[in-house]
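Visitor: Contents of input_15.txt (compact mmCIF, C-alpha atoms and all ligand atoms):
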```txt
# COMPACT_ATOMS: atom_id res chain seq x y z
CA MET V 1 64.05 -79.61 246.94
CA ALA V 2 61.93 -76.58 246.00
CA ARG V 3 59.06 -76.69 243.50
CA ILE V 4 57.78 -73.94 241.24
CA THR V 5 54.33 -72.75 242.37
CA SER V 6 53.81 -69.84 239.96
CA LEU V 7 55.34 -67.56 237.34
CA LYS V 8 54.78 -63.87 236.89
CA GLY V 9 55.81 -61.82 233.86
CA ARG V 10 55.80 -58.04 233.59
CA LEU V 11 56.64 -55.36 231.07
CA LEU V 12 59.68 -53.26 232.07
CA TYR V 13 62.41 -51.19 230.36
CA ASN V 14 66.11 -51.71 229.67
CA SER V 15 69.04 -49.28 229.97
CA ARG V 16 68.15 -47.75 226.57
CA GLY V 17 64.58 -47.13 227.74
CA SER V 18 63.24 -49.81 225.39
CA LYS V 19 60.49 -52.21 226.42
CA THR V 20 61.58 -55.53 227.81
CA ILE V 21 60.18 -58.25 230.07
CA GLU V 22 60.96 -59.50 233.55
CA ILE V 23 59.96 -62.92 234.85
CA ASP V 24 59.51 -64.03 238.45
CA VAL V 25 59.75 -67.72 239.30
CA ILE V 26 58.08 -68.36 242.65
CA THR V 27 58.68 -71.50 244.72
CA ASP V 28 56.86 -73.38 247.47
CA THR V 29 59.64 -72.23 249.79
CA LYS V 30 58.38 -68.67 249.15
CA HIS V 31 61.48 -67.60 247.25
CA ILE V 32 61.40 -65.46 244.12
CA GLY V 33 63.89 -65.81 241.28
CA ARG V 34 63.75 -62.68 239.15
CA VAL V 35 65.37 -61.82 235.82
CA CYS V 36 64.88 -58.89 233.46
CA ALA V 37 65.88 -59.52 229.83
CA SER V 38 68.65 -57.59 228.08
CA SER V 39 68.87 -56.88 224.33
CA GLY V 40 71.42 -55.92 221.70
CA ALA V 41 71.79 -53.15 219.10
CA SER V 42 74.24 -54.91 216.80
CA VAL V 43 72.26 -58.11 216.54
CA GLY V 44 73.57 -61.15 214.65
CA LYS V 45 71.45 -62.51 211.79
CA HIS V 46 71.18 -65.97 213.34
CA GLU V 47 70.60 -65.13 216.99
CA ALA V 48 67.42 -65.89 218.96
CA MET V 49 64.59 -63.45 218.31
CA SER V 50 63.97 -61.34 221.42
CA PHE V 51 60.18 -61.12 221.02
CA PRO V 52 57.66 -62.46 218.51
CA ASP V 53 56.86 -59.64 216.02
CA ASN V 54 58.95 -57.35 218.25
CA LYS V 55 56.15 -57.37 220.80
CA PRO V 56 57.13 -58.10 224.42
CA GLU V 57 53.42 -58.10 225.27
CA LYS V 58 52.94 -61.12 223.01
CA SER V 59 55.69 -63.03 224.87
CA LEU V 60 53.98 -62.33 228.18
CA GLU V 61 50.62 -63.50 226.85
CA ILE V 62 52.07 -66.82 225.64
CA LEU V 63 53.88 -67.29 228.95
CA LYS V 64 50.65 -66.74 230.89
CA THR V 65 48.73 -69.21 228.76
CA ASN V 66 51.39 -71.85 229.39
CA GLU V 67 52.23 -71.11 233.04
CA LYS V 68 50.70 -74.38 234.32
CA LYS V 69 53.28 -76.48 232.44
CA PHE V 70 56.01 -75.19 234.78
CA ILE V 71 54.16 -75.66 238.08
CA GLY V 72 55.70 -78.42 240.19
CA LEU V 73 59.04 -78.43 238.37
CA ASP V 74 62.31 -78.31 240.31
CA PRO V 75 63.77 -74.84 239.54
CA SER V 76 67.36 -76.15 239.80
CA ASN V 77 66.70 -78.63 236.98
CA LEU V 78 67.67 -76.46 234.04
CA LYS V 79 67.14 -79.28 231.55
CA SER V 80 63.52 -79.87 232.54
CA ILE V 81 62.72 -76.13 232.47
CA HIS V 82 64.33 -75.91 229.02
CA GLU V 83 62.55 -78.99 227.69
CA THR V 84 59.19 -77.76 228.96
CA LEU V 85 59.82 -74.45 227.21
CA ARG V 86 60.64 -76.37 224.04
CA THR V 87 57.19 -78.05 224.14
CA ILE V 88 55.77 -74.52 223.73
CA ASP V 89 58.29 -73.22 221.18
CA SER V 90 60.42 -75.62 219.18
CA THR V 91 61.56 -73.07 216.57
CA PRO V 92 65.36 -72.79 216.30
CA ASN V 93 65.35 -69.08 217.18
CA TYR V 94 62.49 -68.94 219.70
CA SER V 95 60.43 -66.92 217.25
CA LYS V 96 57.15 -68.11 218.77
CA ILE V 97 57.59 -67.17 222.43
CA GLY V 98 60.67 -64.94 222.18
CA GLY V 99 64.28 -65.57 223.26
CA SER V 100 63.74 -63.13 226.10
CA VAL V 101 61.33 -65.57 227.75
CA ALA V 102 63.84 -68.39 227.33
CA PHE V 103 66.56 -66.16 228.82
CA SER V 104 64.57 -64.78 231.76
CA LEU V 105 62.67 -67.93 232.67
CA THR V 106 65.70 -70.25 232.78
CA ILE V 107 67.96 -67.84 234.68
CA ALA V 108 65.13 -66.87 237.06
CA SER V 109 64.58 -70.56 237.82
CA ILE V 110 68.22 -70.95 238.80
CA ASP V 111 67.98 -67.71 240.78
CA ALA V 112 64.97 -69.15 242.68
CA ALA V 113 66.83 -72.43 243.30
CA SER V 114 69.86 -70.51 244.52
CA LYS V 115 67.76 -68.58 247.03
CA SER V 116 65.82 -71.58 248.28
CA GLU V 117 68.89 -73.80 248.63
CA GLY V 118 71.16 -71.03 249.95
CA ILE V 119 73.80 -71.85 247.31
CA PRO V 120 75.26 -69.15 245.04
CA ILE V 121 74.26 -69.37 241.38
CA PHE V 122 77.76 -70.13 240.11
CA LYS V 123 77.95 -73.15 242.44
CA LEU V 124 74.60 -74.44 241.24
CA LEU V 125 75.71 -74.22 237.62
CA THR V 126 78.92 -76.25 237.87
CA LYS V 127 80.31 -79.20 239.77
CA ASP V 128 83.85 -78.04 239.02
CA SER V 129 85.64 -76.82 242.14
CA ASP V 130 88.63 -75.26 240.35
CA LEU V 131 87.02 -71.89 239.67
CA ARG V 132 88.73 -68.60 238.76
CA PHE V 133 87.60 -65.04 238.22
CA PRO V 134 87.30 -64.04 234.58
CA PHE V 135 89.06 -60.74 233.81
CA PRO V 136 86.57 -57.91 233.51
CA LEU V 137 86.70 -56.49 229.99
CA GLY V 138 85.15 -53.05 229.68
CA ASN V 139 84.20 -50.53 227.07
CA ILE V 140 86.19 -47.27 227.43
CA LEU V 141 85.31 -45.69 224.09
CA GLY V 142 82.27 -46.39 221.96
CA GLY V 143 81.24 -45.74 218.36
CA GLY V 144 79.40 -47.62 215.60
CA ALA V 145 75.92 -48.83 216.53
CA HIS V 146 76.42 -47.77 220.18
CA ALA V 147 77.07 -44.03 219.71
CA GLY V 148 76.04 -41.11 217.52
CA PRO V 149 77.46 -39.50 214.36
CA GLY V 150 81.02 -38.18 214.63
CA THR V 151 82.17 -41.06 216.85
CA PRO V 152 84.48 -43.77 215.44
CA ASP V 153 83.11 -46.45 213.10
CA ILE V 154 84.68 -49.05 215.39
CA GLN V 155 82.04 -50.10 217.90
CA GLU V 156 84.10 -50.62 221.05
CA ILE V 157 87.58 -50.00 222.40
CA LEU V 158 87.96 -52.17 225.47
CA VAL V 159 90.33 -52.35 228.41
CA CYS V 160 91.37 -55.43 230.37
CA ALA V 161 93.76 -55.47 233.34
CA THR V 162 95.56 -58.58 232.12
CA GLY V 163 98.28 -58.26 234.77
CA SER V 164 95.99 -57.98 237.80
CA LYS V 165 96.22 -60.62 240.49
CA THR V 166 92.90 -59.92 242.17
CA ILE V 167 89.41 -59.17 240.96
CA ARG V 168 89.29 -55.89 242.90
CA ASP V 169 92.53 -54.69 241.33
CA ALA V 170 91.32 -55.68 237.85
CA ILE V 171 88.14 -53.67 238.34
CA GLU V 172 89.99 -50.65 239.76
CA VAL V 173 92.51 -50.59 236.90
CA ASN V 174 89.62 -50.47 234.41
CA PHE V 175 88.06 -47.55 236.30
CA ALA V 176 91.40 -45.71 236.29
CA VAL V 177 91.91 -46.13 232.53
CA HIS V 178 88.35 -45.03 231.76
CA LYS V 179 88.79 -41.94 233.95
CA GLU V 180 92.21 -41.06 232.52
CA LEU V 181 90.86 -41.34 228.99
CA GLY V 182 88.05 -38.94 229.94
CA LYS V 183 90.63 -36.37 231.04
CA ILE V 184 92.63 -36.80 227.83
CA LEU V 185 89.51 -36.37 225.70
CA ALA V 186 88.46 -33.21 227.56
CA LYS V 187 91.94 -31.75 227.05
CA LYS V 188 92.01 -32.58 223.35
CA ASP V 189 88.55 -31.22 222.56
CA THR V 190 87.19 -28.31 224.59
CA GLY V 191 83.78 -29.12 223.11
CA PHE V 192 83.84 -32.66 224.58
CA THR V 193 80.66 -33.04 226.62
CA ASN V 194 81.64 -36.15 228.62
CA GLY V 195 79.03 -37.93 226.51
CA ARG V 196 78.97 -41.72 226.69
CA GLY V 197 77.69 -44.48 224.41
CA ASP V 198 75.20 -47.23 225.24
CA GLU V 199 77.72 -49.28 227.24
CA GLY V 200 79.30 -46.43 229.21
CA GLY V 201 82.39 -45.92 227.04
CA TRP V 202 83.17 -42.31 226.11
CA ALA V 203 81.62 -41.17 222.81
CA PRO V 204 83.95 -38.47 221.46
CA LYS V 205 84.14 -36.93 217.99
CA LEU V 206 87.17 -38.84 216.79
CA ASP V 207 88.16 -41.13 213.96
CA ASN V 208 89.25 -44.74 214.56
CA ASP V 209 92.99 -44.00 214.69
CA GLU V 210 92.73 -41.08 217.10
CA ALA V 211 90.41 -43.07 219.34
CA LEU V 212 92.88 -45.96 219.54
CA GLU V 213 95.84 -43.62 219.96
CA LEU V 214 94.25 -41.80 222.90
CA SER V 215 93.10 -45.04 224.54
CA ALA V 216 96.68 -46.31 224.42
CA LYS V 217 97.88 -42.97 225.81
CA ALA V 218 95.48 -43.28 228.78
CA CYS V 219 97.03 -46.64 229.71
CA GLU V 220 100.58 -45.39 229.27
CA GLN V 221 100.04 -42.16 231.20
CA LEU V 222 99.03 -44.27 234.18
CA GLY V 223 102.38 -46.05 233.96
CA PHE V 224 101.08 -49.25 232.41
CA THR V 225 102.79 -51.10 229.58
CA LEU V 226 100.34 -52.20 226.91
CA GLY V 227 100.14 -55.96 226.73
CA LYS V 228 101.44 -56.35 230.29
CA GLU V 229 99.56 -54.84 233.23
CA VAL V 230 96.87 -53.64 230.89
CA SER V 231 95.76 -54.64 227.40
CA LEU V 232 93.45 -53.08 224.89
CA GLY V 233 90.83 -54.93 222.91
CA VAL V 234 88.56 -53.96 220.04
CA ASP V 235 85.10 -55.11 219.07
CA PHE V 236 85.09 -54.20 215.38
CA ALA V 237 81.47 -55.40 215.03
CA SER V 238 82.35 -55.49 211.33
CA THR V 239 78.94 -56.62 210.14
CA THR V 240 77.85 -53.01 210.73
CA GLN V 241 80.32 -51.88 208.04
CA TRP V 242 79.87 -54.79 205.64
CA ASN V 243 78.00 -53.93 202.45
CA GLU V 244 76.91 -57.25 200.99
CA SER V 245 76.04 -56.00 197.51
CA ARG V 246 79.36 -54.16 197.07
CA LYS V 247 81.38 -56.78 198.96
CA LYS V 248 83.18 -54.06 200.87
CA TYR V 249 83.50 -52.75 204.41
CA VAL V 250 82.29 -49.15 204.26
CA TYR V 251 83.70 -46.87 206.95
CA ASN V 252 81.25 -44.00 206.52
CA ARG V 253 82.45 -41.84 209.36
CA ALA V 254 86.17 -42.10 208.56
CA GLY V 255 85.48 -42.02 204.81
CA PHE V 256 87.18 -45.13 203.43
CA GLU V 257 86.31 -48.60 202.23
CA ASN V 258 88.05 -51.94 202.61
CA THR V 259 87.91 -54.97 200.37
CA PRO V 260 87.90 -58.22 202.38
CA GLU V 261 91.69 -58.45 201.87
CA GLU V 262 92.20 -54.83 202.95
CA GLN V 263 90.06 -55.46 206.03
CA ILE V 264 92.44 -58.22 207.14
CA ASP V 265 95.40 -55.84 206.77
CA PHE V 266 93.49 -53.03 208.51
CA VAL V 267 92.74 -55.26 211.50
CA SER V 268 96.24 -56.79 211.55
CA GLU V 269 97.84 -53.34 211.71
CA ILE V 270 95.65 -52.35 214.64
CA ILE V 271 96.36 -55.60 216.51
CA LYS V 272 100.12 -55.10 216.07
CA LYS V 273 100.29 -51.36 216.69
CA TYR V 274 98.25 -51.42 219.91
CA LYS V 275 99.36 -54.89 221.06
CA LEU V 276 95.74 -55.95 221.31
CA ALA V 277 94.96 -58.94 223.51
CA TYR V 278 91.48 -59.19 222.04
CA ALA V 279 89.90 -58.68 218.61
CA GLU V 280 86.16 -59.38 218.24
CA ASP V 281 84.24 -59.72 214.97
CA ALA V 282 87.16 -58.36 212.97
CA VAL V 283 85.32 -59.40 209.80
CA HIS V 284 81.62 -59.76 209.04
CA GLU V 285 79.35 -62.45 210.50
CA GLU V 286 79.67 -64.90 207.61
CA ALA V 287 83.39 -64.44 206.81
CA PHE V 288 84.66 -67.66 208.40
CA ASP V 289 87.58 -67.97 205.98
CA GLU V 290 88.91 -64.49 206.71
CA MET V 291 88.54 -65.15 210.43
CA SER V 292 90.71 -68.27 210.00
CA ILE V 293 93.47 -66.17 208.44
CA LEU V 294 93.51 -63.89 211.49
CA THR V 295 93.34 -66.84 213.90
CA GLU V 296 96.35 -68.40 212.26
CA ARG V 297 98.23 -65.11 212.08
CA PHE V 298 97.70 -64.14 215.73
CA PRO V 299 97.79 -67.29 217.89
CA LYS V 300 98.43 -65.29 221.09
CA VAL V 301 95.57 -62.85 220.59
CA LEU V 302 91.98 -63.76 221.42
CA ILE V 303 90.36 -63.80 217.98
CA VAL V 304 86.77 -63.70 219.06
CA GLY V 305 83.50 -64.57 217.35
CA ASP V 306 80.37 -62.76 218.50
CA ASP V 307 77.98 -62.11 215.57
CA LEU V 308 80.00 -64.84 213.83
CA LEU V 309 78.83 -67.52 216.31
CA VAL V 310 75.78 -66.01 218.02
CA THR V 311 76.24 -68.47 220.92
CA ASN V 312 74.96 -71.21 218.60
CA THR V 313 76.47 -74.66 219.12
CA GLU V 314 76.00 -75.80 215.50
CA ILE V 315 77.65 -72.64 214.14
CA LEU V 316 80.47 -73.09 216.67
CA LYS V 317 81.07 -76.65 215.40
CA ASN V 318 81.44 -75.29 211.88
CA ALA V 319 83.80 -72.53 213.12
CA VAL V 320 85.92 -75.13 214.93
CA LYS V 321 86.15 -77.18 211.73
CA LYS V 322 87.33 -74.11 209.86
CA LYS V 323 89.60 -72.92 212.71
CA ALA V 324 87.79 -69.60 212.39
CA CYS V 325 88.42 -68.36 215.94
CA ASN V 326 90.17 -69.25 219.17
CA ALA V 327 87.64 -67.51 221.41
CA ALA V 328 83.88 -67.08 221.59
CA ILE V 329 81.46 -64.60 223.08
CA LEU V 330 78.77 -66.21 225.21
CA LYS V 331 75.57 -64.15 225.34
CA VAL V 332 72.79 -66.20 226.86
CA ASN V 333 70.06 -64.34 225.00
CA GLN V 334 71.72 -64.95 221.62
CA ALA V 335 71.32 -68.66 222.31
CA GLY V 336 67.94 -68.36 224.02
CA SER V 337 67.85 -70.37 227.23
CA LEU V 338 70.60 -70.75 229.82
CA TYR V 339 70.53 -74.47 229.01
CA ASP V 340 71.36 -73.69 225.34
CA ALA V 341 74.17 -71.35 226.45
CA ILE V 342 75.70 -73.94 228.77
CA GLU V 343 75.65 -76.53 226.00
CA PHE V 344 77.50 -73.98 223.86
CA ALA V 345 80.04 -73.43 226.65
CA LYS V 346 80.66 -77.20 226.92
CA GLU V 347 81.27 -77.46 223.17
CA ALA V 348 83.65 -74.48 223.31
CA SER V 349 85.65 -75.92 226.21
CA LYS V 350 85.85 -79.32 224.53
CA ASN V 351 87.47 -77.65 221.52
CA ASN V 352 89.79 -75.33 223.40
CA ILE V 353 87.83 -72.24 222.43
CA LYS V 354 88.19 -69.61 225.15
CA LEU V 355 84.97 -68.10 226.42
CA ILE V 356 84.05 -64.49 227.09
CA THR V 357 80.66 -64.15 228.78
CA SER V 358 79.11 -60.87 227.75
CA HIS V 359 76.43 -58.31 228.57
CA ARG V 360 74.29 -56.65 225.86
CA SER V 361 74.27 -52.95 225.05
CA GLY V 362 70.67 -52.70 226.31
CA GLU V 363 70.97 -54.10 229.85
CA SER V 364 69.08 -54.48 233.10
CA SER V 365 70.60 -53.96 236.53
CA ASP V 366 70.70 -57.74 237.09
CA SER V 367 74.03 -59.41 237.78
CA HIS V 368 73.46 -63.09 237.05
CA ILE V 369 75.96 -63.08 234.19
CA SER V 370 78.79 -62.56 236.67
CA HIS V 371 77.92 -66.02 238.05
CA ILE V 372 77.48 -67.48 234.57
CA GLY V 373 80.93 -66.19 233.56
CA ILE V 374 82.54 -67.96 236.52
CA ALA V 375 80.59 -71.21 236.10
CA THR V 376 81.40 -71.47 232.37
CA LYS V 377 85.11 -70.91 233.15
CA SER V 378 85.15 -67.81 230.97
CA LYS V 379 88.51 -66.10 230.61
CA MET V 380 86.93 -62.67 230.44
CA LEU V 381 83.65 -61.12 231.43
CA LYS V 382 82.62 -58.35 229.06
CA ILE V 383 80.48 -56.19 231.30
CA GLY V 384 81.51 -52.57 230.80
CA VAL V 385 83.28 -50.19 233.15
CA VAL V 386 80.79 -47.54 234.25
CA GLY V 387 77.01 -47.02 234.29
CA GLY V 388 74.68 -48.48 236.94
CA GLU V 389 73.70 -51.52 234.88
CA ARG V 390 77.40 -52.31 234.25
CA ILE V 391 78.59 -51.63 237.82
CA ALA V 392 75.92 -54.04 239.10
CA LYS V 393 77.82 -56.90 237.47
CA LEU V 394 81.24 -55.72 238.70
CA ASN V 395 79.94 -55.28 242.25
CA GLU V 396 78.51 -58.80 242.17
CA LEU V 397 82.00 -60.14 241.42
CA LEU V 398 83.24 -58.44 244.59
CA ARG V 399 80.39 -59.97 246.61
CA ILE V 400 81.26 -63.37 245.14
CA SER V 401 84.88 -62.91 246.26
CA GLU V 402 83.63 -63.04 249.88
CA TYR V 403 82.73 -66.74 249.51
CA ASP V 404 86.42 -67.64 249.27
CA LEU V 405 85.51 -70.37 246.79
CA ILE V 406 87.44 -68.97 243.84
CA ARG V 407 91.18 -69.26 243.37
CA GLY V 408 92.48 -66.04 241.82
CA MET V 409 92.23 -64.90 238.25
CA ALA V 410 91.75 -66.96 235.07
CA GLU V 411 94.73 -67.85 232.90
CA ILE V 412 94.21 -66.13 229.59
P1 LIG X 501 74.93 -55.56 221.25
O1 LIG X 501 76.49 -55.35 221.04
O2 LIG X 501 74.65 -55.96 222.63
O3 LIG X 501 74.43 -54.19 220.91
O4 LIG X 501 74.53 -56.59 220.24
C1 LIG X 501 77.46 -55.81 221.84
C2 LIG X 501 78.50 -56.48 221.01
O5 LIG X 501 78.49 -56.44 219.75
O6 LIG X 501 79.37 -57.14 221.59
ZN ZN X 502 80.35 -57.81 219.58
```
Let me see the structure of the file written as structure tokens.
Ligand code: PGA
Ligand code: ZN

Guide:
Amino acid sequence: MARITSLKGRLLYNSRGSKTIEIDVITDTKHIGRVCASSGASVGKHEAMSFPDNKPEKSLEILKTNEKKFIGLDPSNLKSIHETLRTIDSTPNYSKIGGSVAFSLTIASIDAASKSEGIPIFKLLTKDSDLRFPFPLGNILGGGAHAGPGTPDIQEILVCATGSKTIRDAIEVNFAVHKELGKILAKKDTGFTNGRGDEGGWAPKLDNDEALELSAKACEQLGFTLGKEVSLGVDFASTTQWNESRKKYVYNRAGFENTPEEQIDFVSEIIKKYKLAYAEDAVHEEAFDEMSILTERFPKVLIVGDDLLVTNTEILKNAVKKKACNAAILKVNQAGSLYDAIEFAKEASKNNIKLITSHRSGESSDSHISHIGIATKSKMLKIGVVGGERIAKLNELLRISEYDLIRGMAEI
């Protein structure tokens, strides 16, 4: 068994060019586990705080002061790494040391253990031998907080090759749809610059309806039937539109407003018209009751909580009680540590809540979440379609397929 001999933190940058941290966990077997922290743009109110006072430098300082506490620990023992971290910061949202330390340190420990034991990360994280590939779910068109003015209010239109039988085919179908949509957009608007949003989806000057219409057209032009070989999904990220004082969803770019009741109809129409397989944060982050209406209305669609749940086990328990969703986004850095995120995954599985492990809009070129998605038995892996930091995760899935340890695709 390996032992941690030192830690090293450094200041780096994410895919948006914003400051972030990377942590190395070094073992007596001379292996280095290394993880660079990601961060979001549409951040949920209750998620872990990335850095104390928004200062990555402060996180690194606290880590350095406390490095000794981790020396001698077994890097594969996630619980002991987590508990040691909790002796330094016991705040619910890691406001003292920063959720990015919790994220990087715990995943880097497992990365170090994986290297020293010669066992892939997904195998270290689960004893279950019945493992499947989650379906890659990728952003083909971006708006909202991920793209500039003129783009749709809706944050993400997503594609998922729900009919694919292999991981390679699922990835290739997503590429094809993204590419076809690019051609359609260039044809429709001669001023289209091929510009893309933070997650690699196209960022055209379109309203919500046109964006959905053209995304559906891209699938159909390739000969796919929506809801069969290929399905569309939407991350409404509705908290961005929600105006708390007016109690309305304000769609600034399209120029309309929805009352909470109208929002349910607005979302329902989109789900039906485009045969969506996936609808994320269709209402704002505290609208559990409205989410329950959608969950009841669309039992076959993944009604997903992201900002609603923020990968928080206590909030998930409340959502389960209220039947507010049938699926949950798992973002390790919303929870904080990988230990926290795995506890969340266990609670979700226990309650039949389907998991979607997800990247953040500000990413690193790491690919550990591909392993985490498999180990948590996620149905989908929301990791984008194009862009180096997104491709890194897709390529890792293909490397994992060489182990021959995974039996086909997940059942959605
Ligand atoms: P974020 O958004 O990473 O910018 O928070 C992604 C999402 O809302 O799913
Ligand atoms: Zn989201």

Visitor: Could you list, as a PyMOL selection string, all protein and nucleic acid residues with an atom at most 12 Å from ligand ZN 502 (chain X), counting all atoms listed in the file?

Guide: chain V and resi 40-44+139+142+144-146+154-158+199+233-240+278-285+303-311+328-331+334+356-361+382-383

Visitor: Between V:Glu343, V:Glu286, V:Asp130, V:Glu210, single out the one closest to V:Met409, counting only C-alpha atoms.

Guide: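 Of V:Glu343, V:Glu286, V:Asp130, V:Glu210, the one nearest V:Met409 is V:Asp130, counting only C-alpha atoms.
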
Visitor: Could you list, as a VMD selection string, every residue within 8 Å of V:Ala203, counting all atoms listed in the file and ignoring same-chain residues fewer than 2 positions away?

Guide: chain V and resid 141 to 143 147 to 148 151 194 to 197 201 205

Visitor: Calculated over only C-alpha atoms and all ligand atoms, which of the candidates V:Lys30, V:Ser38, V:Tyr94, V:Gly373 has the smallest distance to ligand LIG 501 (chain X)?

Guide: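 Answer, going by the shortest atom-to-atom distance: V:Ser38.
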
Visitor: Env of V:Ile406: 9 Å cut, atoms = only C-alpha atoms, seq-sep filter 4 positions within chain, self excluded. Answer as an MDAnalysis selection string.

Guide: chainID V and resid 129:133 374 400:401

Visitor: V:Glu22, V:Thr313, V:Pro92, V:Ala48: which is nearest ligand LIG 501 (chain X), counting all atoms listed in the file?

Guide: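 When distances to ligand LIG 501 (chain X) are compared using all atoms listed in the file, the smallest one comes from V:Ala48.
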
Visitor: List as a ChimeraX atom specification the residues having at least one atom at most 9 Å from position (60.0, -58.5, 230.3) as given in the file, counting all atoms listed in the file.

Guide: /V:9-13,19-23,35-38,56-57,59-60,100-101,104

Visitor: Have a look at V:Leu397, V:Ala170, V:Leu137, V:Ala161 and name the one nearest to ligand LIG 501 (chain X); count only C-alpha atoms and all ligand atoms.

Guide: V:Leu137

Visitor: Quick one: of V:Gly98, V:Pro120, V:Gly191, V:Pro134, who's nearest to V:Glu47, counting all atoms listed in the file?

Guide: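 Closest to V:Glu47 of all the choices is V:Gly98.
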
Visitor: In Å to one decimal, how far is atom CA of V:Ile372 from atom CA of V:Asn312?

Guide: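 That distance, rounded to one decimal, is 16.6 Å.
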
Visitor: For each of V:Asn208, V:Asn66, V:Asn93, V:Asn333, take the minimum atom-to-atom distance to V:Glu363, counting all atoms listed in the file, then give the residue where this is smallest.

Guide: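 Ranked by minimum distance to V:Glu363, first place goes to V:Asn333.
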
Visitor: Go ahead and compute the interatomic distance for atom CA of V:Ser76 and atom CA of V:Ser114, in Å to one decimal.

Guide: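 So the answer is 7.8 Å.
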
Visitor: So how far away is atom CA of V:His178 from atom CA of V:Pro204, in Å?

Guide: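 Here the two named atoms are 13.0 Å from each other.
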
Visitor: May I have the protein, DNA and RNA residues with an atom at most 7 Å from (85.3, -49.8, 200.2), counting all atoms listed in the file in the file's coordinates, returned as a PyMOL selection string?

Guide: chain V and resi 248-250+256-259

Visitor: Could you give me, as a tab-separated table (two decimals) with C-alpha atoms, keeping the file's coordinate frame, the residues within 10 Å of stretch 217-222 of chain V, counting all atoms listed in the file and dropping anything in the same chain fewer than 2 positions from it?

Guide:
```
chain	number	residue	atom	x	y	z
V	159	VAL	CA	90.33	-52.35	228.41
V	173	VAL	CA	92.51	-50.59	236.90
V	174	ASN	CA	89.62	-50.47	234.41
V	176	ALA	CA	91.40	-45.71	236.29
V	177	VAL	CA	91.91	-46.13	232.53
V	178	HIS	CA	88.35	-45.03	231.76
V	179	LYS	CA	88.79	-41.94	233.95
V	180	GLU	CA	92.21	-41.06	232.52
V	181	LEU	CA	90.86	-41.34	228.99
V	182	GLY	CA	88.05	-38.94	229.94
V	183	LYS	CA	90.63	-36.37	231.04
V	184	ILE	CA	92.63	-36.80	227.83
V	185	LEU	CA	89.51	-36.37	225.70
V	211	ALA	CA	90.41	-43.07	219.34
V	212	LEU	CA	92.88	-45.96	219.54
V	213	GLU	CA	95.84	-43.62	219.96
V	214	LEU	CA	94.25	-41.80	222.90
V	215	SER	CA	93.10	-45.04	224.54
V	224	PHE	CA	101.08	-49.25	232.41
V	225	THR	CA	102.79	-51.10	229.58
V	226	LEU	CA	100.34	-52.20	226.91
V	229	GLU	CA	99.56	-54.84	233.23
V	230	VAL	CA	96.87	-53.64	230.89
V	231	SER	CA	95.76	-54.64	227.40
V	232	LEU	CA	93.45	-53.08	224.89
```
